[in-house]
$ cat coords_23.tsv   # TSV, C-alpha atoms
chain	number	residue	atom	x	y	z
A	1	MET	CA	-1.91	41.52	66.61
A	2	ALA	CA	-0.20	38.72	68.51
A	3	VAL	CA	-2.29	35.68	69.41
A	4	LYS	CA	-1.99	33.21	72.27
A	5	ALA	CA	0.27	30.27	71.41
A	6	PHE	CA	-1.59	27.13	70.34
A	7	SER	CA	-5.01	28.78	70.66
A	8	ASN	CA	-7.84	28.62	68.12
A	9	GLU	CA	-6.87	32.12	66.96
A	10	TRP	CA	-3.29	30.93	66.42
A	11	ALA	CA	-4.61	27.95	64.40
A	12	THR	CA	-6.60	30.27	62.13
A	13	GLU	CA	-3.65	32.60	61.52
A	14	PHE	CA	-1.31	29.67	60.93
A	15	LYS	CA	-3.73	28.18	58.41
A	16	ASP	CA	-3.95	31.54	56.61
A	17	GLU	CA	-0.14	31.81	56.46
A	18	VAL	CA	0.13	28.30	54.99
A	19	ASN	CA	-2.51	29.08	52.37
A	20	LYS	CA	-0.77	32.35	51.45
A	21	SER	CA	2.49	30.53	50.73
A	22	SER	CA	3.10	29.75	47.07
A	23	VAL	CA	6.23	27.83	48.09
A	24	TYR	CA	4.12	25.53	50.26
A	25	ARG	CA	1.45	25.14	47.58
A	26	THR	CA	4.05	23.94	45.07
A	27	ALA	CA	6.12	21.81	47.46
A	28	ALA	CA	3.10	20.06	48.99
A	29	LYS	CA	1.44	19.06	45.69
A	30	GLY	CA	0.29	15.48	46.14
A	31	TRP	CA	0.30	15.49	49.96
A	32	LYS	CA	-2.88	13.75	51.15
A	33	TRP	CA	-2.41	13.00	54.83
A	34	THR	CA	-3.31	14.58	58.15
A	35	VAL	CA	-0.57	15.85	60.44
A	36	GLY	CA	-0.84	16.13	64.21
A	37	LEU	CA	1.45	18.20	66.40
A	38	VAL	CA	1.49	17.13	70.04
A	39	VAL	CA	2.61	19.93	72.34
A	40	GLU	CA	3.56	18.32	75.63
A	41	ALA	CA	2.78	20.12	78.86
A	42	GLU	CA	5.42	22.05	80.78
A	43	PRO	CA	3.72	23.40	83.91
A	44	ASP	CA	6.84	25.32	84.96
A	45	LYS	CA	6.59	27.25	81.67
A	46	ASN	CA	2.97	28.15	82.32
A	47	PHE	CA	1.84	25.53	79.81
A	48	PRO	CA	0.04	23.15	82.17
A	49	GLU	CA	-1.79	20.82	79.77
A	50	ALA	CA	-0.75	19.05	76.60
A	51	LYS	CA	-2.42	20.24	73.43
A	52	GLY	CA	-2.81	18.81	69.98
A	53	VAL	CA	-2.82	20.64	66.68
A	54	VAL	CA	-4.64	18.76	63.92
A	55	MET	CA	-3.82	19.83	60.38
A	56	ASP	CA	-5.91	18.65	57.47
A	57	LEU	CA	-3.53	19.23	54.57
A	58	TYR	CA	-4.42	18.29	51.05
A	59	ASP	CA	-2.56	18.79	47.79
A	60	GLY	CA	-0.84	22.04	48.75
A	61	GLU	CA	-3.72	23.49	50.76
A	62	ALA	CA	-4.39	23.67	54.49
A	63	ARG	CA	-8.08	22.71	54.53
A	64	ASP	CA	-8.36	23.00	58.29
A	65	VAL	CA	-6.17	23.56	61.34
A	66	THR	CA	-7.67	23.01	64.78
A	67	VAL	CA	-6.38	22.91	68.32
A	68	GLY	CA	-7.66	20.17	70.59
A	69	THR	CA	-6.32	17.45	72.83
A	70	ALA	CA	-3.08	15.54	72.40
A	71	GLU	CA	-5.19	12.44	71.71
A	72	ASP	CA	-6.81	14.19	68.73
A	73	ALA	CA	-3.39	14.89	67.24
A	74	GLN	CA	-2.18	11.34	67.90
A	75	LYS	CA	-4.89	9.98	65.59
A	76	CYS	CA	-3.37	11.72	62.56
A	77	ASP	CA	-1.42	9.90	59.86
A	78	PHE	CA	1.77	11.73	60.80
A	79	VAL	CA	2.41	12.81	64.36
A	80	ILE	CA	5.22	15.06	65.59
A	81	THR	CA	5.64	15.24	69.35
A	82	ALA	CA	7.74	17.60	71.44
A	83	PRO	CA	7.52	19.53	74.69
A	84	TYR	CA	6.21	23.10	74.62
A	85	THR	CA	9.71	24.61	74.83
A	86	ARG	CA	10.91	22.75	71.72
A	87	TRP	CA	7.93	23.93	69.68
A	88	LYS	CA	8.62	27.45	70.84
A	89	GLU	CA	12.23	27.05	69.67
A	90	VAL	CA	10.98	25.90	66.26
A	91	ALA	CA	8.50	28.78	65.97
A	92	THR	CA	11.14	31.34	66.94
A	93	LYS	CA	13.75	29.86	64.53
A	94	GLN	CA	16.07	28.74	67.30
A	95	LEU	CA	15.66	25.12	66.24
A	96	ASP	CA	15.54	23.87	62.67
A	97	ALA	CA	12.77	21.27	62.47
A	98	THR	CA	14.78	18.90	60.23
A	99	LYS	CA	17.73	18.94	62.58
A	100	GLY	CA	15.37	18.60	65.53
A	101	MET	CA	13.95	15.41	64.06
A	102	LEU	CA	17.38	13.95	63.28
A	103	GLN	CA	18.43	14.72	66.86
A	104	GLY	CA	15.26	13.27	68.37
A	105	LYS	CA	14.23	16.63	69.81
A	106	LEU	CA	11.05	16.34	67.75
A	107	LYS	CA	9.68	12.81	67.60
A	108	LEU	CA	8.09	11.76	64.35
A	109	LYS	CA	5.62	8.96	63.79
A	110	GLY	CA	4.54	8.10	60.28
A	111	ASP	CA	5.80	6.78	56.98
A	112	LEU	CA	9.34	8.13	56.68
A	113	PRO	CA	9.77	7.98	52.90
A	114	THR	CA	6.63	10.06	52.49
A	115	ILE	CA	7.70	12.76	54.91
A	116	VAL	CA	11.24	12.85	53.49
A	117	ARG	CA	9.76	13.29	50.00
A	118	TYR	CA	8.02	16.42	51.29
A	119	THR	CA	10.97	17.91	53.21
A	120	LYS	CA	10.66	21.23	51.42
A	121	ALA	CA	6.96	21.47	52.24
A	122	SER	CA	7.56	20.75	55.91
A	123	GLN	CA	10.35	23.34	56.00
A	124	GLU	CA	8.03	25.95	54.48
A	125	MET	CA	5.32	25.01	56.95
A	126	THR	CA	7.80	25.69	59.75
A	127	GLU	CA	8.52	29.07	58.13
A	128	CYS	CA	4.78	29.79	58.21
A	129	THR	CA	4.67	29.23	61.99
A	130	THR	CA	7.42	31.84	62.40
A	131	ARG	CA	5.27	34.42	60.58
A	132	VAL	CA	2.49	34.26	63.16
A	133	ALA	CA	2.99	36.80	65.96
A	134	VAL	CA	2.57	34.87	69.20
A	135	VAL	CA	2.18	35.62	72.90
A	136	TRP	CA	4.04	32.84	74.70
A	137	PRO	CA	2.61	31.73	78.05
A	138	ASP	CA	6.02	31.75	79.74
A	139	GLU	CA	6.67	35.34	78.65
A	140	LYS	CA	3.63	36.99	80.20
B	1	MET	CA	39.75	4.44	58.74
B	2	HIS	CA	38.72	3.62	55.22
B	3	ASP	CA	39.39	0.58	53.14
B	4	PRO	CA	39.24	2.31	49.78
B	5	GLY	CA	40.54	-0.64	47.81
B	6	ARG	CA	37.51	-2.77	48.44
B	7	GLY	CA	34.13	-1.99	47.05
B	8	ARG	CA	32.60	-4.97	48.79
B	9	MET	CA	33.32	-6.36	52.18
B	10	ALA	CA	33.57	-9.97	53.15
B	11	ARG	CA	30.78	-11.24	55.35
B	12	ARG	CA	31.74	-11.10	58.98
B	13	LYS	CA	29.98	-12.19	62.08
B	14	VAL	CA	28.93	-9.11	64.01
B	15	LYS	CA	28.32	-9.28	67.69
B	16	LEU	CA	25.25	-7.24	68.47
B	17	ASP	CA	24.63	-5.72	71.84
B	18	GLN	CA	20.97	-6.18	71.20
B	19	GLY	CA	19.11	-6.79	68.02
B	20	GLY	CA	15.94	-5.50	66.79
B	21	VAL	CA	14.14	-2.27	66.95
B	22	ALA	CA	13.57	-2.74	63.30
B	23	GLY	CA	11.04	-0.44	61.82
B	24	SER	CA	11.53	2.37	64.28
B	25	GLY	CA	10.07	5.53	62.91
B	26	SER	CA	8.51	3.87	59.93
B	27	ALA	CA	5.04	3.23	61.19
B	28	ARG	CA	2.44	2.78	58.58
B	29	PRO	CA	0.07	5.73	58.50
B	30	ALA	CA	-3.63	5.11	58.60
B	31	ALA	CA	-5.74	6.03	55.64
B	32	SER	CA	-6.91	9.60	55.56
B	33	LYS	CA	-10.17	10.75	54.11
B	34	GLY	CA	-10.41	7.91	51.66
B	35	GLU	CA	-6.82	8.17	50.45
B	36	SER	CA	-4.63	5.09	50.37
B	37	PRO	CA	-1.62	5.14	52.66
B	38	PRO	CA	1.75	4.08	51.26
B	39	LYS	CA	1.78	0.33	50.71
B	40	PHE	CA	4.20	-2.19	52.18
B	41	ASP	CA	3.61	-5.07	49.83
B	42	VAL	CA	7.03	-6.43	48.95
B	43	GLU	CA	7.66	-9.87	50.37
B	44	SER	CA	11.15	-9.34	51.59
B	45	ARG	CA	13.39	-11.42	53.80
B	46	ALA	CA	15.39	-8.33	54.59
B	47	GLU	CA	16.59	-8.04	58.18
B	48	PHE	CA	17.13	-4.80	60.03
B	49	THR	CA	18.86	-4.66	63.38
B	50	TYR	CA	20.35	-1.98	65.58
B	51	ALA	CA	23.70	-2.61	67.22
B	52	ASP	CA	23.12	-0.30	70.16
B	53	ASP	CA	20.76	-0.75	73.09
B	54	GLU	CA	19.47	2.74	72.47
B	55	PRO	CA	19.70	3.66	68.81
B	56	SER	CA	20.09	7.39	68.30
B	57	ALA	CA	17.22	9.29	66.71
B	58	PHE	CA	19.32	9.64	63.58
B	59	ALA	CA	20.08	5.90	63.49
B	60	SER	CA	16.40	5.04	63.96
B	61	MET	CA	15.40	7.49	61.26
B	62	LEU	CA	17.89	6.27	58.65
B	63	GLY	CA	17.27	2.62	59.50
B	64	GLY	CA	13.52	3.19	59.41
B	65	LEU	CA	13.74	5.03	56.10
B	66	ILE	CA	15.75	2.28	54.44
B	67	GLU	CA	13.52	-0.43	55.86
B	68	ALA	CA	10.38	1.30	54.61
B	69	ASN	CA	11.95	1.75	51.17
B	70	VAL	CA	13.12	-1.86	50.91
B	71	ARG	CA	9.82	-3.30	52.11
B	72	SER	CA	7.73	-1.21	49.73
B	73	ARG	CA	9.78	-1.17	46.51
B	74	PRO	CA	10.92	-4.39	44.76
B	75	GLU	CA	13.79	-2.67	42.92
B	76	LYS	CA	15.17	-1.38	46.21
B	77	ALA	CA	14.76	-4.81	47.80
B	78	ARG	CA	16.88	-6.28	44.98
B	79	ASP	CA	19.60	-3.68	45.53
B	80	PHE	CA	19.47	-4.33	49.27
B	81	GLU	CA	19.90	-8.09	48.74
B	82	SER	CA	23.05	-7.49	46.71
B	83	LEU	CA	24.75	-4.74	48.70
B	84	VAL	CA	27.70	-5.57	50.91
B	85	ALA	CA	29.32	-2.41	52.22
B	86	ARG	CA	29.86	-0.41	55.37
B	87	VAL	CA	28.64	3.14	54.88
B	88	GLY	CA	29.11	6.00	57.31
B	89	ILE	CA	26.90	9.07	57.26
B	90	PHE	CA	27.92	12.06	59.35
B	91	VAL	CA	25.70	15.12	59.70
B	92	THR	CA	28.09	18.00	60.21
B	93	ASP	CA	25.70	20.54	61.70
B	94	ILE	CA	24.36	18.24	64.43
B	95	ASN	CA	27.63	16.39	64.93
B	96	GLU	CA	26.00	12.98	64.71
B	97	GLY	CA	26.81	9.98	62.60
B	98	VAL	CA	25.71	6.45	61.91
B	99	THR	CA	27.28	3.44	60.28
B	100	LEU	CA	25.11	1.38	57.98
B	101	ASP	CA	26.52	-2.12	57.69
B	102	PHE	CA	24.91	-3.71	54.63
B	103	LYS	CA	25.44	-7.46	54.56
B	104	GLY	CA	23.58	-8.70	51.50
B	105	GLY	CA	19.98	-8.68	52.72
B	106	ARG	CA	20.79	-7.60	56.28
B	107	LEU	CA	21.39	-4.16	57.66
B	108	ILE	CA	22.97	-3.45	61.00
B	109	VAL	CA	22.70	0.18	62.07
B	110	HIS	CA	25.32	1.49	64.49
B	111	ASN	CA	25.28	4.77	66.36
B	112	GLY	CA	28.35	6.81	65.36
B	113	LEU	CA	31.05	6.14	62.79
B	114	LYS	CA	32.63	2.70	63.11
B	115	PRO	CA	35.97	1.59	61.63
B	116	ARG	CA	36.59	-0.04	58.24
B	117	ARG	CA	33.99	1.89	56.28
B	118	THR	CA	33.73	1.50	52.54
B	119	LEU	CA	32.26	4.99	52.09
B	120	THR	CA	31.66	7.92	54.38
B	121	ILE	CA	29.28	10.74	53.49
B	122	ARG	CA	29.68	14.01	55.40
B	123	ALA	CA	27.18	16.80	54.89
B	124	ASP	CA	24.77	19.09	56.70
B	125	ALA	CA	21.25	17.93	57.58
B	126	ASP	CA	19.59	19.57	54.57
B	127	THR	CA	22.02	17.94	52.15
B	128	VAL	CA	21.52	14.52	53.73
B	129	MET	CA	17.77	14.95	53.26
B	130	ASN	CA	18.38	16.06	49.65
B	131	LEU	CA	20.45	12.92	49.01
B	132	SER	CA	17.38	10.88	49.82
B	133	ASN	CA	15.39	13.01	47.38
B	134	LEU	CA	17.66	12.33	44.40
B	135	LYS	CA	15.69	10.90	41.53
B	136	ILE	CA	16.92	7.69	39.92
B	137	GLY	CA	17.12	7.69	36.15
B	138	LEU	CA	17.97	5.31	33.35
B	139	LEU	CA	20.33	2.45	34.20
B	140	GLY	CA	19.67	3.09	37.88
B	141	LEU	CA	21.89	6.15	38.00
B	142	PRO	CA	21.05	9.09	40.27
B	143	ILE	CA	19.94	12.18	38.34
B	144	TYR	CA	22.17	15.19	38.95
B	145	TYR	CA	20.64	17.54	36.38
B	146	ASP	CA	17.33	18.41	38.04
B	147	SER	CA	17.11	21.02	40.82
B	148	VAL	CA	17.75	18.58	43.69
B	149	GLY	CA	20.56	16.86	41.80
B	150	ARG	CA	22.20	20.16	40.84
B	151	GLY	CA	22.06	21.25	44.48
B	152	VAL	CA	23.76	18.05	45.61
B	153	ALA	CA	26.40	18.27	42.86
B	154	ALA	CA	27.12	21.93	43.73
B	155	LYS	CA	27.65	21.01	47.39
B	156	LEU	CA	30.01	18.23	46.32
B	157	LEU	CA	32.02	20.67	44.19
B	158	ARG	CA	32.12	23.27	46.98
B	159	GLY	CA	33.26	20.68	49.51
B	160	LYS	CA	30.09	20.98	51.59
B	161	LEU	CA	29.32	17.37	50.76
B	162	ARG	CA	32.31	15.09	51.22
B	163	ILE	CA	32.34	11.46	50.24
B	164	ASP	CA	35.40	9.62	51.49
B	165	GLY	CA	36.19	6.47	49.55
B	166	LEU	CA	34.18	7.64	46.53
B	167	LEU	CA	36.51	6.90	43.63
B	168	PRO	CA	36.95	3.15	44.04
B	169	ASN	CA	33.34	2.74	45.17
B	170	VAL	CA	31.20	4.69	42.71
B	171	LEU	CA	28.98	1.69	41.98
B	172	THR	CA	28.48	1.09	45.69
B	173	LEU	CA	27.53	4.75	46.14
B	174	ASN	CA	24.98	4.47	43.33
B	175	THR	CA	23.45	1.38	44.96
B	176	VAL	CA	23.32	3.08	48.36
B	177	THR	CA	21.73	6.15	46.77
B	178	ARG	CA	19.07	4.00	45.10
B	179	ILE	CA	18.22	2.27	48.39
B	180	PHE	CA	18.23	5.58	50.26
B	181	SER	CA	16.18	7.53	47.71
B	182	VAL	CA	12.49	8.02	48.42
B	183	GLN	CA	11.79	9.13	44.85

$ encode --input "coords_23.tsv" --output "structure tokens"
Amino acid sequence: MAVKAFSNEWATEFKDEVNKSSVYRTAAKGWKWTVGLVVEAEPDKNFPEAKGVVMDLYDGEARDVTVGTAEDAQKCDFVITAPYTRWKEVATKQLDATKGMLQGKLKLKGDLPTIVRYTKASQEMTECTTRVAVVWPDEK
Amino acid sequence: MHDPGRGRMARRKVKLDQGGVAGSGSARPAASKGESPPKFDVESRAEFTYADDEPSAFASMLGGLIEANVRSRPEKARDFESLVARVGIFVTDINEGVTLDFKGGRLIVHNGLKPRRTLTIRADADTVMNLSNLKIGLLGLPIYYDSVGRGVAAKLLRGKLRIDGLLPNVLTLNTVTRIFSVQ
């Protein structure tokens, strides 16, 4: 069943998808940092308030994924920020996350060598988001 | 636009539009749950500047990556001190390029491809990321026999990774790869 985008239910399903992925488990061995996704508000897309996704990722496992405020996500070791529409493009495979970062469509804050070392893990994590069936607020 | 006969470039005075957004995109992450963040403990006199008022995201990312590498790894800092070359990197699937002007301890990052480059690397985004994941082996040579290395070599053979100016500048390419590699 489809879940509301960036809701607590979405966070749970996303976490389950990550933990089901053997590709992620292997590629993210050694990862020890938190990752925050800031989803900026776009009121005209029926996404009126910014949200933050906080991911506690450790050594190939998603220990916790929660949805809270943008400020919560900004406290993470690595923070990726983009407007709602961009995240939707990533989750629907219209935008490759690596290309999005190189183009500045997704803004990354954090130690670059570390995130580049885990490119494969971040690509698989993006794949996991595409496996969650989502109801988008601008498609109601 | 290449100068294939010269592996090293003479030092030239470069007029910058505006210096200094050094470190863009390379913020130091805070410690997480008792784990140590990556350390920046190399005392380096390395200088990083951006030639454009508004460096592109790609320029900031590459400049930030190299700066973080040089400031955290002594062997990369030594390579950086010795490298004099103008290297272009063009990402074919986003149609964006940068020119990295290494001047023996200084790096000037330009948006786009500038003239008189020693080397120019053209590849898609994934391959560019894989280049920075090449492992460095004995004698400081990039390893092309593990899975990442084989992938890069296969793209080179298939023409999906093009390196203009390669033959006379193999040593320069190796040095750039070492500085660029996060492994």

$ residues_near_point --input "coords_23.tsv" --point "(0.7, 22.4, 44.7)" --cutoff "6 Å" --atoms "all atoms listed in the file" --output "PyMOL selection string"
chain A and resi 25-26+28-29+59-60

$ closest_residue --input "coords_23.tsv" --among "B:Ile121, B:Ile89, B:Ala68, B:Leu171" --to "chain A" --atoms "all atoms listed in the file"
B:Ala68

$ interface_residues --input "coords_23.tsv" --of "chain A" --to "chain B" --cutoff "10 Å" --atoms "all atoms listed in the file" --output "mmCIF file with C-alpha atoms, keeping the file's coordinate frame"
data_model
loop_
_atom_site.group_PDB
_atom_site.id
_atom_site.type_symbol
_atom_site.label_atom_id
_atom_site.label_comp_id
_atom_site.auth_asym_id
_atom_site.auth_seq_id
_atom_site.Cartn_x
_atom_site.Cartn_y
_atom_site.Cartn_z
ATOM 1 C CA LYS A 32 -2.880 13.750 51.150
ATOM 2 C CA TRP A 33 -2.410 13.000 54.830
ATOM 3 C CA THR A 34 -3.310 14.580 58.150
ATOM 4 C CA ASP A 56 -5.910 18.650 57.470
ATOM 5 C CA TYR A 58 -4.420 18.290 51.050
ATOM 6 C CA LYS A 75 -4.890 9.980 65.590
ATOM 7 C CA CYS A 76 -3.370 11.720 62.560
ATOM 8 C CA ASP A 77 -1.420 9.900 59.860
ATOM 9 C CA PHE A 78 1.770 11.730 60.800
ATOM 10 C CA VAL A 79 2.410 12.810 64.360
ATOM 11 C CA ASP A 96 15.540 23.870 62.670
ATOM 12 C CA THR A 98 14.780 18.900 60.230
ATOM 13 C CA LYS A 99 17.730 18.940 62.580
ATOM 14 C CA GLY A 100 15.370 18.600 65.530
ATOM 15 C CA MET A 101 13.950 15.410 64.060
ATOM 16 C CA LEU A 102 17.380 13.950 63.280
ATOM 17 C CA GLN A 103 18.430 14.720 66.860
ATOM 18 C CA GLY A 104 15.260 13.270 68.370
ATOM 19 C CA LYS A 105 14.230 16.630 69.810
ATOM 20 C CA LEU A 106 11.050 16.340 67.750
ATOM 21 C CA LYS A 107 9.680 12.810 67.600
ATOM 22 C CA LEU A 108 8.090 11.760 64.350
ATOM 23 C CA LYS A 109 5.620 8.960 63.790
ATOM 24 C CA GLY A 110 4.540 8.100 60.280
ATOM 25 C CA ASP A 111 5.800 6.780 56.980
ATOM 26 C CA LEU A 112 9.340 8.130 56.680
ATOM 27 C CA PRO A 113 9.770 7.980 52.900
ATOM 28 C CA THR A 114 6.630 10.060 52.490
ATOM 29 C CA ILE A 115 7.700 12.760 54.910
ATOM 30 C CA VAL A 116 11.240 12.850 53.490
ATOM 31 C CA ARG A 117 9.760 13.290 50.000
ATOM 32 C CA TYR A 118 8.020 16.420 51.290
ATOM 33 C CA THR A 119 10.970 17.910 53.210
ATOM 34 C CA LYS A 120 10.660 21.230 51.420
#

$ residues_around --input "coords_23.tsv" --residues "Lys114 (chain B)" --least-positions-apart "4" --cutoff "12 Å" --atoms "only C-alpha atoms" --output "ChimeraX atom specification"
/B:1-2,51,86-90,97-101,108-110,118-120

$ closest_residue --input "coords_23.tsv" --among "A:Gly30, A:Gly68, A:Gly36, A:Pro48" --to "Phe6 (chain A)" --atoms "only C-alpha atoms"
A:Gly68

$ atom_distance --input "coords_23.tsv" --atom1 "CA of Ala27 (chain A)" --atom2 "CA of Ala121 (chain A)"
4.9 Å

$ atom_distance --input "coords_23.tsv" --atom1 "CA of Lys4 (chain A)" --atom2 "CA of Glu71 (chain A)"
21.0 Å

$ atom_distance --input "coords_23.tsv" --atom1 "CA of Ile136 (chain B)" --atom2 "CA of Thr177 (chain B)"
8.5 Å

$ residues_around --input "coords_23.tsv" --residues "Gln94 (chain A)" --least-positions-apart "5" --cutoff "12 Å" --atoms "all atoms listed in the file" --output "PyMOL selection string"
chain A and resi 85-89+99-100+126-127+130

$ residues_around --input "coords_23.tsv" --residues "Ala73 (chain A)" --least-positions-apart "3" --cutoff "6 Å" --atoms "only C-alpha atoms" --output "MDAnalysis selection string"
chainID A and resid 36:37 52:54 70 76

$ axis_aligned_box --input "coords_23.tsv" --around "region 60-78 of chain A" --padding-each-side "4 Å" --output "lines of an AutoDock Vina configuration file"
center_x = -3.3
center_y = 16.8
center_z = 60.8
size_x = 18.1
size_y = 21.8
size_z = 32.1

$ closest_residue --input "coords_23.tsv" --among "B:Leu173, B:Tyr145, B:Asn111, B:Leu83" --to "Asp53 (chain B)" --atoms "all atoms listed in the file"
B:Asn111
